[in-house]
Amino acid sequence: MNTRDNGSGPFFPHFSQFPHFSYFSKFINFGALGDRASRRDLALGLYRALHDGSPPETLPMPDGFTAALGYILSHSGVRELCAEHTDLAEPVARDMLDFISAAKRELDAAPSPFETEEALIEECAALKASDFKRVWDDAAAFIQELYDRSQLDTGFYAEAFRESLAARGRRGRRRIGFEGVKAHFIAKWRELLAEKQRQREEALLKARRDEYCRSLCTRIAAMRALEELYPDGDAGYLWKAGTLQRAKFDALSAYAEQLKRDPLIRAIAERLGRAQKSETEAEEVRSGIADTAVYASKADLTGVQESGDLSSLVPSETALLAEETCRLLFFKKFAEKKLQTFAYKRAFEAGESLVKGWRRKETARGPFILCIDTSGSMRGTPETAAKTLCFALLKIALRERRACYLISFAVGAEALDLTDLVNALEVLTAFLSESFYGGTNPMPALDQALRTLEEKAFKKADVVMASDFIMPPLDAPTRRRIQAARAGGTKFHGLLIGDPDAKALNRPLLKDFDTLWTHHCI
């Protein structure tokens, strides 16, 4: 029986044994490579290489395209990634299959540089003996420009054609001899052209393979950088985020390393993360109406009954445990609740006994609103410290599934909701990569922060401002709004970066903060 007709193949008893086979259905049913059965074997062979760690050499269809897949598996680090995150095997395999399908279509659609030669071969193949002399000189000159004499000796074939044409009147040997020489000549020429086409296709595929391999390495590096920021993130989510081409993932890696080197920022971030205690809400528990049972003493014996109450066993039942052969009977009766037990009188006080109580319902810690000073006075080491704090707090927010809102300010303010990391990633990495500039005006940032506090998702947020605090004092309306927010439970935290004497310069502003840390930058 042909096993390929029922969905099985030489590598797999049946493709339905593999999870989410629909991941590969597009390639298997509509791929441009090979036939359906071979595409199925290739898809599942690739999946097994990624998921189970099978060697790339086990891939079926050993042609140029699957050789390209084998190279990618061996040189990109993708197998090591899937060994850590086996749930990535399916999306990665599908991505690689999409690559070879696209490469095949691209090669097929690419204009051939051999069209003139192909046309001349076909013209020579169709020649009759009477027309040969008219075409041969041009064909021989064309061949001599393309091929070495050791590859295709036009002198040898010219002599062979001359002899075949000169043999006239020998019972048709002239025509037969000519056709035989022509067939040999055309076959040799086509063989050389096919080799050139193969080498061209191989070179084009190698270029596409190397390009894809580089992009895969970049994407894996991006995912590794994202793992620094979001170590507990879903692998599929991070893999998807790694496709954002404009995101500067090296900035994430750089600030992850900077955070490891800056114990003060780490300590401040953790303090800020713990400063906002999870709230507990009292929640009433009601279990309804119940009758209260009042148990009499064992002196109030009423008889013997069948039950599973081991504390009231009749002595004869206990004796079953003394004999090994009877123990099974004891356990059988216990399982069926048919042990002989004493029965005692119980009195019930019927009535409305409402069981009430309270339990503590713990809510998650609230969000962060980060205000980062991006003025010119922050350029250099203060800039690095401020961005490192931003990175550290975002890492905590992601770890604890807390919303995070970034406001960068100089003369004006720019806001970014970091709650949806994938959509915010490009702007976030651009922020971490850019240098700071401009004057300092905190009012637009604080106005944005205070308006954000009015949103439902950020009502319980804490505000964190990182700055050198070389800025004008706050106006009275802004201070009143801050005091109202503090009265409502919002904490305002400050990180003074740079000269600690700025405290004296801007003491009225700093009074509006609940806590203030100082980071001395040299």
# chains A, B, ... in the order shown; residues from 1 in each chain; ligands from 1
>>> select_by_dssp(residues="stretch 366-450 of chain A", states="strand (DSSP E)", output="list in words")
Phe368, Ile369, Leu370, Cys371, Ile372, Asp373, Cys404, Tyr405, Leu406, Ile407, Ser408, Phe409, Ala413, Glu414, Ala415, Leu416 and Asp417 of chain A
>>> atom_distance(atom1="atom CA of A:Leu42", atom2="atom CA of A:Leu59")
6.3 Å
>>> closest_residue(among="A:Ala415, A:Met471, A:Ala403, A:Ala103", to="A:Arg208", atoms="only C-alpha atoms")
A:Ala103
>>> residues_around(residues="A:Asp462", least_positions_apart="2", cutoff="6 Å", atoms="only C-alpha atoms", output="ChimeraX atom specification")
/A:368,490-491
>>> closest_residue(among="A:Lys260, A:Arg365, A:His51, A:Lys387", to="A:Ala457", atoms="only C-alpha atoms")
A:Arg365
>>> closest_residue(among="A:Glu163, A:Glu90, A:Asp131, A:Asp447", to="A:Ala49", atoms="only C-alpha atoms")
A:Glu90
>>> closest_residue(among="A:His184, A:Lys196, A:Arg209, A:Arg149", to="A:Phe161", atoms="only C-alpha atoms")
A:His184
>>> closest_residue(among="A:Val92, A:Leu229, A:Ala222, A:Leu73", to="A:Ile396", atoms="only C-alpha atoms")
A:Leu229
>>> atom_distance(atom1="atom CA of A:Val135", atom2="atom CA of A:Ala119")
12.8 Å
>>> residues_around(residues="A:Pro263", least_positions_apart="6", cutoff="12 Å", atoms="only C-alpha atoms", output="ChimeraX atom specification")
/A:257,269-270,385,388-389,392,519
>>> write_last_selection(atoms="all heavy atoms", output="short mmCIF file (atom, residue, chain, number, x, y, z; two decimals), in the first residue's frame")
data_model
loop_
_atom_site.label_atom_id
_atom_site.label_comp_id
_atom_site.auth_asym_id
_atom_site.auth_seq_id
_atom_site.Cartn_x
_atom_site.Cartn_y
_atom_site.Cartn_z
N GLU A 257 23.39 45.47 30.80
CA GLU A 257 24.74 45.41 31.35
C GLU A 257 25.00 46.58 32.29
O GLU A 257 25.64 46.42 33.34
CB GLU A 257 25.77 45.42 30.20
CG GLU A 257 25.81 44.12 29.41
CD GLU A 257 26.15 42.92 30.29
OE1 GLU A 257 27.09 43.04 31.11
OE2 GLU A 257 25.47 41.89 30.18
N ALA A 269 15.52 50.94 42.31
CA ALA A 269 14.42 50.35 41.55
C ALA A 269 13.68 49.32 42.39
O ALA A 269 12.43 49.29 42.40
CB ALA A 269 14.96 49.71 40.26
N GLU A 270 14.42 48.48 43.11
CA GLU A 270 13.76 47.47 43.94
C GLU A 270 13.00 48.13 45.09
O GLU A 270 11.91 47.68 45.46
CB GLU A 270 14.80 46.48 44.49
CG GLU A 270 15.38 45.55 43.43
CD GLU A 270 14.31 44.67 42.78
OE1 GLU A 270 13.31 44.31 43.44
OE2 GLU A 270 14.49 44.33 41.59
N ALA A 385 22.33 57.20 33.77
CA ALA A 385 21.70 56.81 35.03
C ALA A 385 20.18 56.87 34.92
O ALA A 385 19.47 55.97 35.40
CB ALA A 385 22.19 57.71 36.16
N THR A 388 18.95 54.04 32.78
CA THR A 388 19.11 52.76 33.48
C THR A 388 17.98 52.57 34.48
O THR A 388 17.45 51.47 34.63
CB THR A 388 20.47 52.69 34.18
OG1 THR A 388 21.51 52.93 33.22
CG2 THR A 388 20.70 51.33 34.80
N LEU A 389 17.60 53.65 35.18
CA LEU A 389 16.47 53.56 36.11
C LEU A 389 15.19 53.24 35.34
O LEU A 389 14.38 52.41 35.78
CB LEU A 389 16.30 54.87 36.88
CG LEU A 389 15.10 54.91 37.84
CD1 LEU A 389 15.31 53.92 38.98
CD2 LEU A 389 14.87 56.32 38.37
N ALA A 392 15.27 49.62 34.51
CA ALA A 392 15.08 48.78 35.69
C ALA A 392 13.62 48.75 36.12
O ALA A 392 13.08 47.69 36.46
CB ALA A 392 15.96 49.29 36.83
N HIS A 519 21.81 60.32 43.24
CA HIS A 519 22.80 59.50 42.50
C HIS A 519 23.92 60.43 42.09
O HIS A 519 23.76 61.29 41.23
CB HIS A 519 22.14 58.87 41.26
CG HIS A 519 22.98 57.83 40.59
ND1 HIS A 519 24.12 58.14 39.87
CD2 HIS A 519 22.86 56.47 40.52
CE1 HIS A 519 24.65 57.03 39.39
NE2 HIS A 519 23.90 56.01 39.77
#
>>> residues_around(residues="A:Leu495", least_positions_apart="2", cutoff="12 Å", atoms="only C-alpha atoms", output="NGL selection string")
:A and (264-265 or 268-269 or 272 or 370-373 or 382 or 385-390 or 463-469 or 492-493 or 497-500 or 502-503 or 510 or 513-520)
>>> decode(residues="stretch 463-499 of chain A", atoms="N, CA and C atoms", output="PDB file, in the first residue's frame")
ATOM      1  N   VAL A 463       4.315  58.033  40.860  1.00  0.00           N
ATOM      2  CA  VAL A 463       5.044  58.859  39.897  1.00  0.00           C
ATOM      3  C   VAL A 463       6.515  58.891  40.304  1.00  0.00           C
ATOM      4  N   VAL A 464       7.385  58.629  39.333  1.00  0.00           N
ATOM      5  CA  VAL A 464       8.834  58.641  39.570  1.00  0.00           C
ATOM      6  C   VAL A 464       9.458  59.646  38.619  1.00  0.00           C
ATOM      7  N   MET A 465      10.188  60.619  39.138  1.00  0.00           N
ATOM      8  CA  MET A 465      10.862  61.603  38.295  1.00  0.00           C
ATOM      9  C   MET A 465      12.369  61.471  38.472  1.00  0.00           C
ATOM     10  N   ALA A 466      13.094  61.314  37.353  1.00  0.00           N
ATOM     11  CA  ALA A 466      14.559  61.263  37.365  1.00  0.00           C
ATOM     12  C   ALA A 466      15.074  62.518  36.682  1.00  0.00           C
ATOM     13  N   SER A 467      15.853  63.329  37.408  1.00  0.00           N
ATOM     14  CA  SER A 467      16.300  64.614  36.873  1.00  0.00           C
ATOM     15  C   SER A 467      17.467  65.134  37.694  1.00  0.00           C
ATOM     16  N   ASP A 468      18.161  66.141  37.142  1.00  0.00           N
ATOM     17  CA  ASP A 468      19.142  66.853  37.956  1.00  0.00           C
ATOM     18  C   ASP A 468      18.472  67.990  38.721  1.00  0.00           C
ATOM     19  N   PHE A 469      17.172  68.189  38.447  1.00  0.00           N
ATOM     20  CA  PHE A 469      16.339  69.190  39.121  1.00  0.00           C
ATOM     21  C   PHE A 469      16.890  70.611  38.971  1.00  0.00           C
ATOM     22  N   ILE A 470      17.637  70.826  37.886  1.00  0.00           N
ATOM     23  CA  ILE A 470      18.020  72.198  37.536  1.00  0.00           C
ATOM     24  C   ILE A 470      16.905  72.723  36.645  1.00  0.00           C
ATOM     25  N   MET A 471      15.892  73.294  37.272  1.00  0.00           N
ATOM     26  CA  MET A 471      14.665  73.653  36.556  1.00  0.00           C
ATOM     27  C   MET A 471      13.941  74.743  37.334  1.00  0.00           C
ATOM     28  N   PRO A 472      13.051  75.462  36.688  1.00  0.00           N
ATOM     29  CA  PRO A 472      12.280  76.488  37.393  1.00  0.00           C
ATOM     30  C   PRO A 472      11.316  75.868  38.390  1.00  0.00           C
ATOM     31  N   PRO A 473      10.914  76.603  39.415  1.00  0.00           N
ATOM     32  CA  PRO A 473       9.969  76.065  40.401  1.00  0.00           C
ATOM     33  C   PRO A 473       8.599  75.818  39.770  1.00  0.00           C
ATOM     34  N   LEU A 474       7.834  74.950  40.399  1.00  0.00           N
ATOM     35  CA  LEU A 474       6.506  74.632  39.893  1.00  0.00           C
ATOM     36  C   LEU A 474       5.540  75.771  40.197  1.00  0.00           C
ATOM     37  N   ASP A 475       4.572  75.962  39.311  1.00  0.00           N
ATOM     38  CA  ASP A 475       3.558  76.981  39.575  1.00  0.00           C
ATOM     39  C   ASP A 475       2.570  76.469  40.625  1.00  0.00           C
ATOM     40  N   ALA A 476       1.820  77.384  41.201  1.00  0.00           N
ATOM     41  CA  ALA A 476       0.914  77.047  42.306  1.00  0.00           C
ATOM     42  C   ALA A 476      -0.160  76.041  41.904  1.00  0.00           C
ATOM     43  N   PRO A 477      -0.823  76.167  40.719  1.00  0.00           N
ATOM     44  CA  PRO A 477      -1.850  75.178  40.362  1.00  0.00           C
ATOM     45  C   PRO A 477      -1.295  73.757  40.253  1.00  0.00           C
ATOM     46  N   THR A 478      -0.072  73.627  39.691  1.00  0.00           N
ATOM     47  CA  THR A 478       0.524  72.297  39.570  1.00  0.00           C
ATOM     48  C   THR A 478       0.829  71.717  40.942  1.00  0.00           C
ATOM     49  N   ARG A 479       1.314  72.540  41.871  1.00  0.00           N
ATOM     50  CA  ARG A 479       1.614  72.059  43.217  1.00  0.00           C
ATOM     51  C   ARG A 479       0.341  71.610  43.929  1.00  0.00           C
ATOM     52  N   ARG A 480      -0.747  72.371  43.734  1.00  0.00           N
ATOM     53  CA  ARG A 480      -2.010  71.984  44.369  1.00  0.00           C
ATOM     54  C   ARG A 480      -2.512  70.645  43.827  1.00  0.00           C
ATOM     55  N   ARG A 481      -2.351  70.436  42.522  1.00  0.00           N
ATOM     56  CA  ARG A 481      -2.775  69.154  41.918  1.00  0.00           C
ATOM     57  C   ARG A 481      -1.926  68.009  42.449  1.00  0.00           C
ATOM     58  N   ILE A 482      -0.610  68.232  42.627  1.00  0.00           N
ATOM     59  CA  ILE A 482       0.265  67.197  43.181  1.00  0.00           C
ATOM     60  C   ILE A 482      -0.164  66.865  44.613  1.00  0.00           C
ATOM     61  N   GLN A 483      -0.447  67.914  45.417  1.00  0.00           N
ATOM     62  CA  GLN A 483      -0.845  67.680  46.804  1.00  0.00           C
ATOM     63  C   GLN A 483      -2.172  66.925  46.873  1.00  0.00           C
ATOM     64  N   ALA A 484      -3.088  67.221  45.935  1.00  0.00           N
ATOM     65  CA  ALA A 484      -4.366  66.503  45.898  1.00  0.00           C
ATOM     66  C   ALA A 484      -4.144  65.036  45.537  1.00  0.00           C
ATOM     67  N   ALA A 485      -3.230  64.788  44.585  1.00  0.00           N
ATOM     68  CA  ALA A 485      -2.932  63.403  44.200  1.00  0.00           C
ATOM     69  C   ALA A 485      -2.287  62.653  45.358  1.00  0.00           C
ATOM     70  N   ARG A 486      -1.394  63.316  46.093  1.00  0.00           N
ATOM     71  CA  ARG A 486      -0.767  62.674  47.249  1.00  0.00           C
ATOM     72  C   ARG A 486      -1.795  62.362  48.325  1.00  0.00           C
ATOM     73  N   ALA A 487      -2.739  63.276  48.496  1.00  0.00           N
ATOM     74  CA  ALA A 487      -3.796  63.034  49.479  1.00  0.00           C
ATOM     75  C   ALA A 487      -4.652  61.836  49.083  1.00  0.00           C
ATOM     76  N   GLY A 488      -4.729  61.574  47.778  1.00  0.00           N
ATOM     77  CA  GLY A 488      -5.493  60.427  47.288  1.00  0.00           C
ATOM     78  C   GLY A 488      -4.720  59.121  47.299  1.00  0.00           C
ATOM     79  N   GLY A 489      -3.466  59.151  47.767  1.00  0.00           N
ATOM     80  CA  GLY A 489      -2.697  57.913  47.895  1.00  0.00           C
ATOM     81  C   GLY A 489      -1.549  57.769  46.911  1.00  0.00           C
ATOM     82  N   THR A 490      -1.429  58.675  45.949  1.00  0.00           N
ATOM     83  CA  THR A 490      -0.319  58.596  44.987  1.00  0.00           C
ATOM     84  C   THR A 490       0.979  59.040  45.652  1.00  0.00           C
ATOM     85  N   LYS A 491       2.041  58.272  45.433  1.00  0.00           N
ATOM     86  CA  LYS A 491       3.362  58.626  45.942  1.00  0.00           C
ATOM     87  C   LYS A 491       4.178  59.258  44.812  1.00  0.00           C
ATOM     88  N   PHE A 492       4.904  60.321  45.140  1.00  0.00           N
ATOM     89  CA  PHE A 492       5.803  60.970  44.194  1.00  0.00           C
ATOM     90  C   PHE A 492       7.237  60.720  44.666  1.00  0.00           C
ATOM     91  N   HIS A 493       8.007  60.041  43.813  1.00  0.00           N
ATOM     92  CA  HIS A 493       9.390  59.696  44.149  1.00  0.00           C
ATOM     93  C   HIS A 493      10.329  60.451  43.206  1.00  0.00           C
ATOM     94  N   GLY A 494      11.456  60.895  43.730  1.00  0.00           N
ATOM     95  CA  GLY A 494      12.423  61.602  42.905  1.00  0.00           C
ATOM     96  C   GLY A 494      13.795  60.959  42.967  1.00  0.00           C
ATOM     97  N   LEU A 495      14.492  60.978  41.834  1.00  0.00           N
ATOM     98  CA  LEU A 495      15.897  60.569  41.790  1.00  0.00           C
ATOM     99  C   LEU A 495      16.687  61.781  41.318  1.00  0.00           C
ATOM    100  N   LEU A 496      17.447  62.381  42.228  1.00  0.00           N
ATOM    101  CA  LEU A 496      18.277  63.537  41.897  1.00  0.00           C
ATOM    102  C   LEU A 496      19.611  63.012  41.369  1.00  0.00           C
ATOM    103  N   ILE A 497      19.884  63.287  40.114  1.00  0.00           N
ATOM    104  CA  ILE A 497      21.087  62.763  39.464  1.00  0.00           C
ATOM    105  C   ILE A 497      22.077  63.905  39.296  1.00  0.00           C
ATOM    106  N   GLY A 498      23.247  63.755  39.867  1.00  0.00           N
ATOM    107  CA  GLY A 498      24.267  64.780  39.694  1.00  0.00           C
ATOM    108  C   GLY A 498      24.625  65.457  40.998  1.00  0.00           C
ATOM    109  N   ASP A 499      24.672  66.787  40.957  1.00  0.00           N
ATOM    110  CA  ASP A 499      25.138  67.591  42.084  1.00  0.00           C
ATOM    111  C   ASP A 499      24.110  67.588  43.214  1.00  0.00           C
TER     112      ASP A 499
END
